[in-house]
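Note: the block below is model.txt and it holds compact mmCIF, C-alpha atoms.
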```
# COMPACT_ATOMS: atom_id res chain seq x y z
CA MET A 1 -112.77 -1.59 11.89
CA PRO A 2 -110.72 -3.04 8.99
CA SER A 3 -110.85 -6.77 8.48
CA LYS A 4 -107.93 -9.01 9.36
CA GLU A 5 -107.47 -9.71 5.65
CA LEU A 6 -107.21 -5.98 4.85
CA ALA A 7 -104.88 -5.39 7.76
CA THR A 8 -102.64 -8.16 6.49
CA GLU A 9 -102.58 -6.68 2.98
CA THR A 10 -101.68 -3.16 4.17
CA SER A 11 -99.13 -4.03 6.82
CA PHE A 12 -95.46 -3.42 6.16
CA PRO A 13 -93.09 -6.36 5.99
CA GLY A 14 -90.48 -6.72 8.71
CA VAL A 15 -87.16 -4.99 8.13
CA PRO A 16 -84.50 -7.47 7.01
CA ALA A 17 -81.42 -7.74 9.18
CA ALA A 18 -78.45 -5.63 8.10
CA SER A 19 -76.31 -8.77 8.03
CA SER A 20 -78.54 -10.21 5.28
CA MET A 21 -77.77 -7.35 2.88
CA PRO A 22 -75.32 -7.80 -0.01
CA ASP A 23 -71.78 -6.43 0.21
CA TRP A 24 -72.60 -3.43 -1.96
CA TYR A 25 -75.51 -2.30 0.23
CA PRO A 26 -73.47 0.11 2.46
CA THR A 27 -72.34 1.94 -0.67
CA LEU A 28 -75.95 2.25 -1.83
CA LEU A 29 -77.05 3.46 1.59
CA ASN A 30 -74.32 6.12 1.70
CA THR A 31 -75.15 7.28 -1.82
CA VAL A 32 -78.88 7.60 -1.11
CA ALA A 33 -78.27 9.27 2.27
CA ARG A 34 -75.93 11.77 0.64
CA GLU A 35 -78.56 12.56 -1.97
CA VAL A 36 -81.25 13.03 0.68
CA ARG A 37 -78.97 15.36 2.62
CA THR A 38 -78.06 17.31 -0.51
CA GLY A 39 -81.69 17.49 -1.57
CA ARG A 40 -82.74 18.90 1.79
CA THR A 41 -79.97 21.49 1.66
CA ARG A 42 -80.96 22.52 -1.86
CA ALA A 43 -84.61 22.73 -0.88
CA MET A 44 -83.80 24.99 2.09
CA ALA A 45 -81.52 27.16 -0.05
CA ALA A 46 -84.16 27.39 -2.77
CA ALA A 47 -86.85 28.31 -0.24
CA ASN A 48 -84.63 31.03 1.23
CA SER A 49 -83.80 32.35 -2.24
CA GLU A 50 -87.48 32.52 -3.15
CA LEU A 51 -88.31 34.29 0.12
CA LEU A 52 -85.60 36.90 -0.43
CA ASN A 53 -86.69 37.48 -4.03
CA SER A 54 -90.28 37.88 -2.88
CA TYR A 55 -89.29 40.35 -0.15
CA TRP A 56 -87.11 42.27 -2.61
CA THR A 57 -89.97 42.52 -5.12
CA ILE A 58 -92.37 43.75 -2.44
CA GLY A 59 -89.77 46.21 -1.21
CA ARG A 60 -89.18 47.54 -4.71
CA GLN A 61 -92.91 48.11 -5.16
CA LEU A 62 -93.07 50.02 -1.90
CA ALA A 63 -90.00 52.10 -2.78
CA GLU A 64 -91.32 52.95 -6.23
CA ARG A 65 -94.76 53.90 -4.89
CA GLU A 66 -93.23 56.05 -2.21
CA SER A 67 -91.08 57.83 -4.78
CA GLU A 68 -93.93 58.37 -7.21
CA GLN A 69 -96.89 58.95 -4.89
CA GLY A 70 -95.23 60.36 -1.78
CA TRP A 71 -97.29 58.19 0.57
CA GLY A 72 -96.55 57.87 4.24
CA ALA A 73 -96.53 55.30 7.04
CA LYS A 74 -100.31 54.84 6.97
CA VAL A 75 -100.10 52.96 3.67
CA VAL A 76 -97.64 50.42 5.09
CA THR A 77 -99.78 49.91 8.19
CA ARG A 78 -102.91 49.41 6.09
CA LEU A 79 -101.11 47.10 3.67
CA SER A 80 -99.82 44.98 6.57
CA ALA A 81 -103.32 44.56 7.98
CA ASP A 82 -104.87 43.69 4.59
CA ILE A 83 -102.18 41.14 3.73
CA ARG A 84 -102.66 39.40 7.06
CA THR A 85 -106.42 39.40 6.51
CA ARG A 86 -106.07 37.74 3.10
CA PHE A 87 -103.37 35.33 4.30
CA PRO A 88 -104.03 34.64 8.01
CA GLU A 89 -101.35 31.95 8.15
CA ALA A 90 -98.65 34.18 6.68
CA LYS A 91 -95.97 35.66 8.94
CA GLY A 92 -93.38 38.33 8.30
CA PHE A 93 -95.66 41.08 7.02
CA SER A 94 -95.72 43.40 10.00
CA PRO A 95 -95.36 47.12 9.20
CA ARG A 96 -91.80 47.02 10.49
CA ASN A 97 -90.86 44.06 8.31
CA LEU A 98 -92.44 45.69 5.27
CA ARG A 99 -90.24 48.72 5.88
CA TYR A 100 -87.25 46.39 6.08
CA MET A 101 -88.25 45.01 2.67
CA LYS A 102 -88.24 48.52 1.25
CA SER A 103 -84.82 49.21 2.75
CA PHE A 104 -83.60 45.87 1.41
CA ALA A 105 -84.65 46.73 -2.14
CA GLN A 106 -83.15 50.21 -1.88
CA ALA A 107 -79.85 48.83 -0.54
CA TRP A 108 -79.57 46.24 -3.33
CA PRO A 109 -81.14 47.62 -6.56
CA ASP A 110 -79.79 44.62 -8.49
CA PHE A 111 -80.33 41.96 -5.84
CA PRO A 112 -81.89 39.34 -8.20
CA MET A 113 -78.68 39.49 -10.22
CA LEU A 114 -76.36 39.10 -7.22
CA GLN A 115 -74.60 35.80 -6.70
CA ALA A 116 -73.93 34.03 -3.42
CA PRO A 117 -73.06 34.63 -0.66
CA LEU A 118 -75.41 37.56 0.00
CA ALA A 119 -78.35 35.83 -1.65
CA THR A 120 -77.86 32.72 0.52
CA LEU A 121 -78.17 34.45 3.89
CA PRO A 122 -81.46 34.21 5.82
CA TRP A 123 -83.70 37.23 6.24
CA TYR A 124 -82.63 37.94 9.84
CA HIS A 125 -79.02 38.18 8.62
CA GLN A 126 -80.11 40.62 5.93
CA ILE A 127 -81.75 42.81 8.57
CA ALA A 128 -78.55 42.81 10.63
CA LEU A 129 -76.54 43.93 7.60
CA LEU A 130 -79.04 46.70 6.90
CA GLU A 131 -79.22 47.92 10.49
CA LYS A 132 -75.56 47.81 11.42
CA LEU A 133 -73.79 48.84 8.20
CA ASP A 134 -74.15 51.72 5.77
CA ASP A 135 -71.58 50.76 3.15
CA ALA A 136 -72.46 48.19 0.47
CA ALA A 137 -68.90 46.89 0.12
CA THR A 138 -68.63 46.29 3.87
CA ARG A 139 -72.00 44.53 3.89
CA LEU A 140 -70.77 42.21 1.14
CA TRP A 141 -67.58 41.48 3.11
CA TYR A 142 -69.57 40.40 6.17
CA ALA A 143 -72.07 38.50 4.01
CA ALA A 144 -69.23 36.50 2.47
CA ALA A 145 -67.71 35.77 5.89
CA ALA A 146 -71.09 34.78 7.36
CA ALA A 147 -71.79 32.40 4.49
CA GLN A 148 -68.30 30.90 4.57
CA HIS A 149 -68.20 30.32 8.33
CA GLY A 150 -71.89 29.59 8.92
CA TRP A 151 -72.35 32.42 11.41
CA SER A 152 -75.65 32.75 13.23
CA ARG A 153 -77.29 36.17 13.26
CA ASN A 154 -75.99 36.81 16.78
CA VAL A 155 -72.44 35.97 15.76
CA LEU A 156 -72.73 38.15 12.64
CA THR A 157 -73.94 41.08 14.76
CA HIS A 158 -71.11 40.54 17.23
CA GLN A 159 -68.49 40.48 14.47
CA ILE A 160 -69.88 43.70 13.03
CA SER A 161 -69.86 45.37 16.46
CA THR A 162 -66.18 44.46 16.94
CA ARG A 163 -65.29 45.72 13.45
CA LEU A 164 -63.84 42.41 12.33
CA HIS A 165 -63.29 43.63 8.76
CA GLU A 166 -60.88 46.29 10.03
CA ARG A 167 -58.93 43.83 12.23
CA SER A 168 -58.83 40.72 10.06
CA GLY A 169 -55.39 39.74 8.80
CA GLN A 170 -53.72 42.76 10.42
CA ALA A 171 -51.17 41.14 12.76
CA ILE A 172 -47.52 41.89 12.12
CA THR A 173 -45.99 38.63 10.88
CA ASN A 174 -43.07 37.11 9.00
CA PHE A 175 -45.28 34.51 7.32
CA LYS A 176 -44.35 35.49 3.75
CA ALA A 177 -40.69 34.95 4.50
CA THR A 178 -41.09 31.69 6.43
CA MET A 179 -44.01 29.86 4.78
CA VAL A 180 -45.02 28.81 1.26
CA PRO A 181 -47.36 31.36 -0.39
CA ALA A 182 -50.57 29.32 -0.08
CA ASP A 183 -50.02 28.73 3.63
CA SER A 184 -48.73 32.22 4.39
CA ASP A 185 -51.84 33.85 2.91
CA LEU A 186 -54.16 31.57 4.90
CA ALA A 187 -52.15 32.06 8.08
CA GLN A 188 -52.15 35.84 7.66
CA GLN A 189 -55.93 35.92 7.21
CA ALA A 190 -56.27 33.81 10.35
CA THR A 191 -54.75 36.65 12.40
CA LYS A 192 -56.26 39.86 13.75
CA ASP A 193 -54.97 43.04 15.33
CA PRO A 194 -56.14 43.84 17.87
CA TYR A 195 -57.81 40.75 19.29
CA VAL A 196 -60.91 41.79 21.23
CA PHE A 197 -61.67 39.76 24.36
CA ASP A 198 -64.76 41.72 25.40
CA PHE A 199 -66.09 38.71 27.31
CA LEU A 200 -63.38 39.03 29.98
CA SER A 201 -63.73 40.60 33.42
CA MET A 202 -60.33 42.14 33.94
CA THR A 203 -58.94 44.82 36.22
CA ASP A 204 -56.15 47.24 35.38
CA ARG A 205 -53.78 45.15 37.51
CA HIS A 206 -54.38 41.84 35.82
CA THR A 207 -51.58 39.34 35.29
CA GLU A 208 -50.84 37.12 32.32
CA ARG A 209 -52.08 34.14 34.32
CA ASP A 210 -55.36 35.94 35.05
CA LEU A 211 -55.79 36.56 31.35
CA GLU A 212 -55.00 32.95 30.48
CA LEU A 213 -57.41 31.52 33.06
CA GLN A 214 -60.27 33.68 31.84
CA LEU A 215 -59.62 32.85 28.19
CA VAL A 216 -59.74 29.15 29.01
CA LYS A 217 -62.89 29.65 31.09
CA HIS A 218 -64.52 31.27 28.06
CA VAL A 219 -62.84 29.03 25.52
CA GLU A 220 -65.83 28.93 23.17
CA LYS A 221 -65.87 32.72 22.89
CA PHE A 222 -62.09 32.71 22.64
CA LEU A 223 -62.29 30.30 19.71
CA LEU A 224 -64.89 32.52 18.06
CA GLU A 225 -62.51 35.47 18.29
CA LEU A 226 -59.59 33.40 16.98
CA GLY A 227 -61.63 32.39 13.95
CA GLN A 228 -62.56 29.24 12.09
CA GLY A 229 -60.19 26.29 12.00
CA PHE A 230 -58.71 26.45 15.50
CA ALA A 231 -58.98 23.49 17.87
CA PHE A 232 -58.05 23.97 21.53
CA VAL A 233 -55.36 21.56 22.74
CA GLY A 234 -54.53 22.82 26.22
CA GLU A 235 -53.24 25.50 28.61
CA GLN A 236 -49.88 25.54 30.39
CA VAL A 237 -48.79 22.68 28.15
CA ARG A 238 -45.77 20.98 29.72
CA LEU A 239 -42.71 20.69 27.50
CA GLU A 240 -39.73 18.76 28.90
CA ILE A 241 -36.41 19.56 27.25
CA ALA A 242 -33.32 17.68 28.45
CA GLY A 243 -34.71 17.44 31.97
CA ASP A 244 -35.90 21.05 32.16
CA GLU A 245 -39.60 21.88 32.22
CA PHE A 246 -41.28 24.65 30.26
CA PHE A 247 -44.95 25.55 29.99
CA ALA A 248 -46.55 27.06 26.90
CA ASP A 249 -49.47 29.37 27.75
CA LEU A 250 -51.97 28.09 25.19
CA LEU A 251 -51.72 25.48 22.48
CA PHE A 252 -54.05 25.13 19.50
CA TYR A 253 -54.12 23.10 16.32
CA HIS A 254 -55.20 24.71 13.04
CA LEU A 255 -57.19 22.19 11.02
CA LYS A 256 -56.72 23.88 7.63
CA LEU A 257 -53.04 24.75 8.00
CA ARG A 258 -52.37 21.32 9.55
CA CYS A 259 -50.05 22.63 12.22
CA TYR A 260 -49.89 23.53 15.90
CA MET A 261 -50.09 27.15 17.05
CA VAL A 262 -48.51 28.29 20.30
CA ILE A 263 -50.09 31.44 21.75
CA GLU A 264 -48.12 33.37 24.35
CA LEU A 265 -49.90 36.04 26.39
CA LYS A 266 -48.23 39.17 27.71
CA ALA A 267 -49.88 41.75 29.96
CA VAL A 268 -47.21 44.30 29.04
CA LYS A 269 -45.81 46.05 25.99
CA PHE A 270 -44.03 43.93 23.36
CA GLU A 271 -40.33 43.33 23.89
CA PRO A 272 -38.10 41.63 21.28
CA GLY A 273 -36.87 39.20 23.93
CA PHE A 274 -40.31 37.59 24.06
CA LEU A 275 -39.62 35.96 20.69
CA GLY A 276 -36.84 33.80 22.09
CA GLN A 277 -39.16 32.19 24.63
CA LEU A 278 -41.88 31.68 22.03
CA GLY A 279 -39.38 30.19 19.57
CA LEU A 280 -38.26 27.69 22.19
CA TYR A 281 -41.83 26.51 22.73
CA MET A 282 -42.47 26.25 18.99
CA ALA A 283 -39.36 24.12 18.42
CA ALA A 284 -40.26 21.88 21.35
CA VAL A 285 -43.81 21.34 20.06
CA ASP A 286 -42.41 20.44 16.62
CA ASP A 287 -40.09 17.82 18.13
CA LEU A 288 -42.21 16.48 20.99
CA MET A 289 -45.80 16.68 19.81
CA ALA A 290 -46.14 17.23 16.07
CA HIS A 291 -46.83 14.37 13.67
CA PRO A 292 -44.30 13.91 10.84
CA ASP A 293 -46.96 15.06 8.39
CA ASP A 294 -47.69 18.26 10.34
CA LYS A 295 -46.32 21.55 9.08
CA PRO A 296 -44.02 23.66 11.28
CA THR A 297 -45.63 25.17 14.36
CA ILE A 298 -46.77 28.79 14.18
CA GLY A 299 -46.34 31.22 17.05
CA LEU A 300 -48.69 34.05 18.01
CA LEU A 301 -47.57 36.61 20.57
CA LEU A 302 -50.42 38.65 22.08
CA CYS A 303 -49.26 41.74 23.97
CA LYS A 304 -51.08 44.53 25.78
CA GLU A 305 -49.48 46.98 23.35
CA LYS A 306 -46.67 47.12 20.83
CA ASN A 307 -44.45 49.43 18.82
CA SER A 308 -45.19 48.18 15.31
CA VAL A 309 -41.83 49.28 13.91
CA VAL A 310 -39.95 47.48 16.68
CA ALA A 311 -42.07 44.37 16.10
CA GLU A 312 -41.29 44.38 12.38
CA TYR A 313 -37.55 44.73 13.03
CA ALA A 314 -37.64 41.94 15.62
CA LEU A 315 -39.24 39.53 13.14
CA ARG A 316 -36.75 40.16 10.32
CA GLY A 317 -34.15 37.82 11.72
CA PHE A 318 -36.60 35.24 13.05
CA ASN A 319 -36.76 32.09 10.93
CA ALA A 320 -39.89 30.47 12.38
CA PRO A 321 -43.40 31.72 11.47
CA VAL A 322 -44.60 34.17 14.12
CA GLY A 323 -47.30 36.81 14.38
CA ILE A 324 -47.44 39.71 16.83
CA ALA A 325 -50.68 41.45 17.77
CA GLU A 326 -52.28 43.39 20.60
CA TRP A 327 -55.22 42.28 22.70
CA ARG A 328 -58.03 44.40 24.14
CA THR A 329 -60.88 43.79 26.55
CA SER A 330 -62.83 46.53 24.78
CA LEU A 331 -62.78 47.66 21.19
CA ALA A 332 -63.10 51.23 22.44
CA ASP A 333 -59.52 50.95 23.76
CA SER A 334 -58.19 50.80 20.21
CA LEU A 335 -60.47 53.27 18.44
CA PRO A 336 -60.26 57.03 18.05
CA GLU A 337 -62.22 58.90 20.72
CA GLU A 338 -64.76 60.22 18.21
CA LEU A 339 -65.82 56.65 17.42
CA VAL A 340 -66.08 55.38 20.97
CA ALA A 341 -69.35 57.18 21.76
CA SER A 342 -71.04 55.63 18.72
CA LEU A 343 -70.37 52.02 19.72
CA PRO A 344 -73.20 50.16 21.47
CA SER A 345 -72.46 48.15 24.59
CA ILE A 346 -72.74 44.37 24.63
CA GLU A 347 -75.80 44.69 26.89
CA THR A 348 -77.42 47.06 24.38
CA LEU A 349 -76.71 44.68 21.51
CA GLU A 350 -78.16 41.72 23.40
CA ALA A 351 -81.29 43.71 24.26
CA GLU A 352 -81.67 44.75 20.62
CA LEU A 353 -81.34 41.16 19.42
CA ALA A 354 -83.89 39.88 21.93
CA SER A 355 -86.44 42.58 21.10
CA GLU A 356 -85.84 42.17 17.38
CA ALA A 357 -86.43 38.42 17.49
CA ALA A 358 -89.61 38.86 19.54
CA ARG A 359 -90.91 41.58 17.24
CA LEU A 360 -90.34 39.66 14.01
CA GLN A 361 -91.81 36.47 15.42
CA GLY A 362 -94.95 38.31 16.51
```
Would you encode the structure as structure tokens?
Amino acid sequence: MPSKELATETSFPGVPAASSMPDWYPTLLNTVAREVRTGRTRAMAAANSELLNSYWTIGRQLAERESEQGWGAKVVTRLSADIRTRFPEAKGFSPRNLRYMKSFAQAWPDFPMLQAPLATLPWYHQIALLEKLDDAATRLWYAAAAAQHGWSRNVLTHQISTRLHERSGQAITNFKATMVPADSDLAQQATKDPYVFDFLSMTDRHTERDLELQLVKHVEKFLLELGQGFAFVGEQVRLEIAGDEFFADLLFYHLKLRCYMVIELKAVKFEPGFLGQLGLYMAAVDDLMAHPDDKPTIGLLLCKEKNSVVAEYALRGFNAPVGIAEWRTSLADSLPEELVASLPSIETLEAELASEAARLQG
């Protein structure tokens, strides 16, 4: 047992009260905390980069040996066992993961030379890109989006399954004519066509109110489909105009555009007359709710279907920024028949993710 004298020498002094610190101490604390946070982030990024480079190097060796020697699956199985014998604490060297490393190296022959974002994504994300996509350019598109928005692997897989790259920025809008270029480009990219609400349980005889209630019930998934930057404000937002009451279906605020967005839901085909109602709500939000520093409210009209030519004509004479898009409860509704059979169900995707995670952790 240490002596009292030794215990006294090795004990830590009491922490001084915060009130006793000099005026500049909060600045020092914030500076040091920021550096600690940045250092941790850099360390994690560096560790991930080293892991990916190591996996790529192993994969290249396997690919080259296979090409030169013509070996089969037995070599990978034997290699997996020997590596785990030499490094009992090491994980990630199962036969399946070694084959992923080979595929990774074959998919990206120049991976060590690639810049972010692909090189910043974790290994599980890399596997999702390899499994779900065949085209390098499309993989890079999703890699950039995943890095920018901080998608988890599950979210990345979901976005791939709903073909986000084909839908992103595709709504019919008048943004270029009604907004400054920087805002119009951002607003356009914030749209989709069609919007896929595959988390809804809808019948063929659903109403607009049914749709609205289910979207609010699943607001987190709704926000995921809308994209980054949207904050939910409310449903059936009451707008009083000269004693008359009106109710906007859904109201959001876009944090990057710094403006409100009114979303109107229609369970029928687009009609030009819908724009008048939406325009009324947008003007009311500008006058009754928006801060003087906010930019003009944007409108988004989501219809069950639309004639694109009619929608474009209808927007020509509309002076407020509005987008028109369709919504679907299933991506299969909007794809050619030959593609429908190739799409996995949500249940299949979830089962694949669960089994994949269990397999790679084992």
Is it possible to get the residues within 10 Å of (-50.8, 26.4, 31.9) (coordinates as in the file, counting only C-alpha atoms) written as a PyMOL selection string? chain A and resi 209+212-213+216+234-238+246-251
Set out as a Markdown table a contact list for segment 101-196 of chain A and segment 310-332 of chain A with a cut-off of 12 Å, giving each residue of segment 101-196 of chain A that qualifies its closest atom pair and distance in Å to one decimal, counting all atoms listed in the file, ordered by chain and rising residue number.
```
| residue | atom | partner | partner_atom | distance |
| --- | --- | --- | --- | --- |
| A:His158 | CA | A:Leu331 | CA | 11.7 |
| A:Gln159 | CA | A:Leu331 | CA | 11.4 |
| A:Ile160 | CA | A:Leu331 | CA | 11.5 |
| A:Ser161 | CA | A:Leu331 | CA | 8.8 |
| A:Thr162 | CA | A:Leu331 | CA | 6.3 |
| A:Arg163 | CA | A:Leu331 | CA | 8.4 |
| A:Leu164 | CA | A:Leu331 | CA | 10.4 |
| A:Glu166 | CA | A:Leu331 | CA | 11.4 |
| A:Arg167 | CA | A:Ala325 | CA | 10.2 |
| A:Ser168 | CA | A:Ala325 | CA | 11.2 |
| A:Gly169 | CA | A:Gly323 | CA | 10.3 |
| A:Gln170 | CA | A:Ala325 | CA | 8.1 |
| A:Ala171 | CA | A:Ala325 | CA | 5.0 |
| A:Ile172 | CA | A:Ile324 | CA | 5.2 |
| A:Thr173 | CA | A:Gly323 | CA | 4.2 |
| A:Asn174 | CA | A:Pro321 | CA | 5.9 |
| A:Phe175 | CA | A:Pro321 | CA | 5.3 |
| A:Lys176 | CA | A:Pro321 | CA | 8.6 |
| A:Ala177 | CA | A:Asn319 | CA | 8.1 |
| A:Thr178 | CA | A:Pro321 | CA | 5.5 |
| A:Met179 | CA | A:Pro321 | CA | 7.0 |
| A:Val180 | CA | A:Pro321 | CA | 10.7 |
| A:Asp183 | CA | A:Pro321 | CA | 10.7 |
| A:Ser184 | CA | A:Pro321 | CA | 8.9 |
| A:Ala187 | CA | A:Gly323 | CA | 9.3 |
| A:Gln188 | CA | A:Gly323 | CA | 8.3 |
| A:Gln189 | CA | A:Gly323 | CA | 11.3 |
| A:Ala190 | CA | A:Gly323 | CA | 10.3 |
| A:Thr191 | CA | A:Gly323 | CA | 7.7 |
| A:Lys192 | CA | A:Ala325 | CA | 7.1 |
| A:Asp193 | CA | A:Ala325 | CA | 5.2 |
| A:Pro194 | CA | A:Glu326 | CA | 4.7 |
| A:Tyr195 | CA | A:Trp327 | CA | 4.5 |
| A:Val196 | CA | A:Arg328 | CA | 4.9 |
```
>> Here is a test: counting only C-alpha atoms, which residue of A:Glu271, A:Glu240, A:Asp135, A:Glu50 is nearest to Ala119 of chain A?
In response: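 Of the candidates, the smallest distance to Ala119 of chain A is held by A:Glu50.
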Using all atoms listed in the file, tabulate the residues of segment 92-197 of chain A lying at most 10 Å from any atom of segment 81-88 of chain A, each with its closest atom pair and that distance in Å to one decimal, by chain and increasing residue number, as CSV.
```
residue,atom,partner,partner_atom,distance
A:Gly92,CA,A:Arg84,CA,9.4
A:Phe93,CA,A:Arg84,CA,7.2
A:Ser94,CA,A:Ala81,CA,7.9
A:Pro95,CA,A:Ala81,CA,8.5
```
- Considering all atoms listed in the file, return as a ChimeraX atom specification whatever protein or nucleic-acid residues lie within 10 Å of Ser103 of chain A, sequence-local ones (same chain, fewer than 5 positions apart) excluded. /A:56,59-60,62-63,97-98,108,127,130-131
In Å and to one decimal, atom CA of Thr57 of chain A is distant from atom CA of Val155 of chain A by 28.0 Å
Practice item. Record the distance separating atom CA of Pro181 of chain A and atom CA of Ala231 of chain A, expressed in Å with one decimal. Key: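 Atom CA of Ala231 of chain A lies at a distance of 23.0 Å from atom CA of Pro181 of chain A.
Closest approach to Asp286 of chain A from the set A:Cys303, A:Val268, A:Leu239, A:Leu118 is made by A:Leu239, with distances taken over all atoms listed in the file.
Nearest to Leu300 of chain A of all the residues A:Leu278, A:Leu121, A:Val285, A:Leu211 is A:Leu278, based on all atoms listed in the file.
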From atom CA of Thr297 of chain A to atom CA of Leu280 of chain A the spacing works out at 11.0 Å
> At most 10 Å from (-50.5, 19.8, 11.6), file frame, all atoms listed in the file: which residues, as a PyMOL selection string?
Replying inline: chain A and resi 253-261+286+289-297
Report as a short mmCIF file (atom, residue, chain, number, x, y, z; two decimals) with C-alpha atoms, in the coordinates of the input all protein, DNA and RNA residues lying within 12 Å of Gln61 of chain A, evaluated on only C-alpha atoms, omitting residues in the same chain fewer than 6 positions from it.
```cif
data_model
loop_
_atom_site.label_atom_id
_atom_site.label_comp_id
_atom_site.auth_asym_id
_atom_site.auth_seq_id
_atom_site.Cartn_x
_atom_site.Cartn_y
_atom_site.Cartn_z
CA SER A 54 -90.28 37.88 -2.88
CA TYR A 55 -89.29 40.35 -0.15
CA SER A 67 -91.08 57.83 -4.78
CA GLU A 68 -93.93 58.37 -7.21
CA GLN A 69 -96.89 58.95 -4.89
CA VAL A 76 -97.64 50.42 5.09
CA LEU A 98 -92.44 45.69 5.27
CA ARG A 99 -90.24 48.72 5.88
CA MET A 101 -88.25 45.01 2.67
CA LYS A 102 -88.24 48.52 1.25
CA SER A 103 -84.82 49.21 2.75
CA PHE A 104 -83.60 45.87 1.41
CA ALA A 105 -84.65 46.73 -2.14
CA GLN A 106 -83.15 50.21 -1.88
CA PRO A 109 -81.14 47.62 -6.56
#
```
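Of the residues listed (A:Leu288, A:Gln126, A:Asp210, A:Phe111), A:Phe111 shows the shortest atom-to-atom separation from Asn53 of chain A; distances use only C-alpha atoms.
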- Query: With all atoms listed in the file as the basis for distance, which of A:Ala17, A:Leu79, A:Ala136, A:Leu275 is at the shortest distance from Leu302 of chain A?
  - Reply: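 Among A:Ala17, A:Leu79, A:Ala136, A:Leu275, it is A:Leu275 that comes nearest to Leu302 of chain A.
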Checklist entry - From the list A:Asn307, A:Gly229, A:Ala284, A:Glu208, which residue is nearest Glu264 of chain A when using all atoms listed in the file? => result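 Using all atoms listed in the file, Glu264 of chain A sits closest to A:Glu208.
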Could I get segment 148-168 of chain A from the block written out with C-alpha atoms, as an mmCIF file, in the first residue's frame?
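part19.cif, freshly written:
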```cif
data_model
loop_
_atom_site.group_PDB
_atom_site.id
_atom_site.type_symbol
_atom_site.label_atom_id
_atom_site.label_comp_id
_atom_site.auth_asym_id
_atom_site.auth_seq_id
_atom_site.Cartn_x
_atom_site.Cartn_y
_atom_site.Cartn_z
ATOM 1 C CA GLN A 148 -21.530 15.121 -48.930
ATOM 2 C CA HIS A 149 -24.652 14.142 -47.000
ATOM 3 C CA GLY A 150 -23.091 11.720 -44.513
ATOM 4 C CA TRP A 151 -25.261 8.780 -45.550
ATOM 5 C CA SER A 152 -25.059 5.562 -43.587
ATOM 6 C CA ARG A 153 -24.614 2.347 -45.551
ATOM 7 C CA ASN A 154 -28.322 1.582 -45.236
ATOM 8 C CA VAL A 155 -29.274 4.993 -46.587
ATOM 9 C CA LEU A 156 -26.769 4.645 -49.440
ATOM 10 C CA THR A 157 -28.241 1.261 -50.367
ATOM 11 C CA HIS A 158 -31.757 2.681 -50.228
ATOM 12 C CA GLN A 159 -30.839 5.613 -52.479
ATOM 13 C CA ILE A 160 -29.277 3.245 -54.988
ATOM 14 C CA SER A 161 -32.351 0.982 -54.948
ATOM 15 C CA THR A 162 -34.617 3.968 -55.691
ATOM 16 C CA ARG A 163 -32.320 5.156 -58.508
ATOM 17 C CA LEU A 164 -31.768 8.575 -56.989
ATOM 18 C CA HIS A 165 -29.218 9.567 -59.642
ATOM 19 C CA GLU A 166 -31.892 9.238 -62.336
ATOM 20 C CA ARG A 167 -34.482 11.264 -60.376
ATOM 21 C CA SER A 168 -32.353 13.998 -58.824
#
```
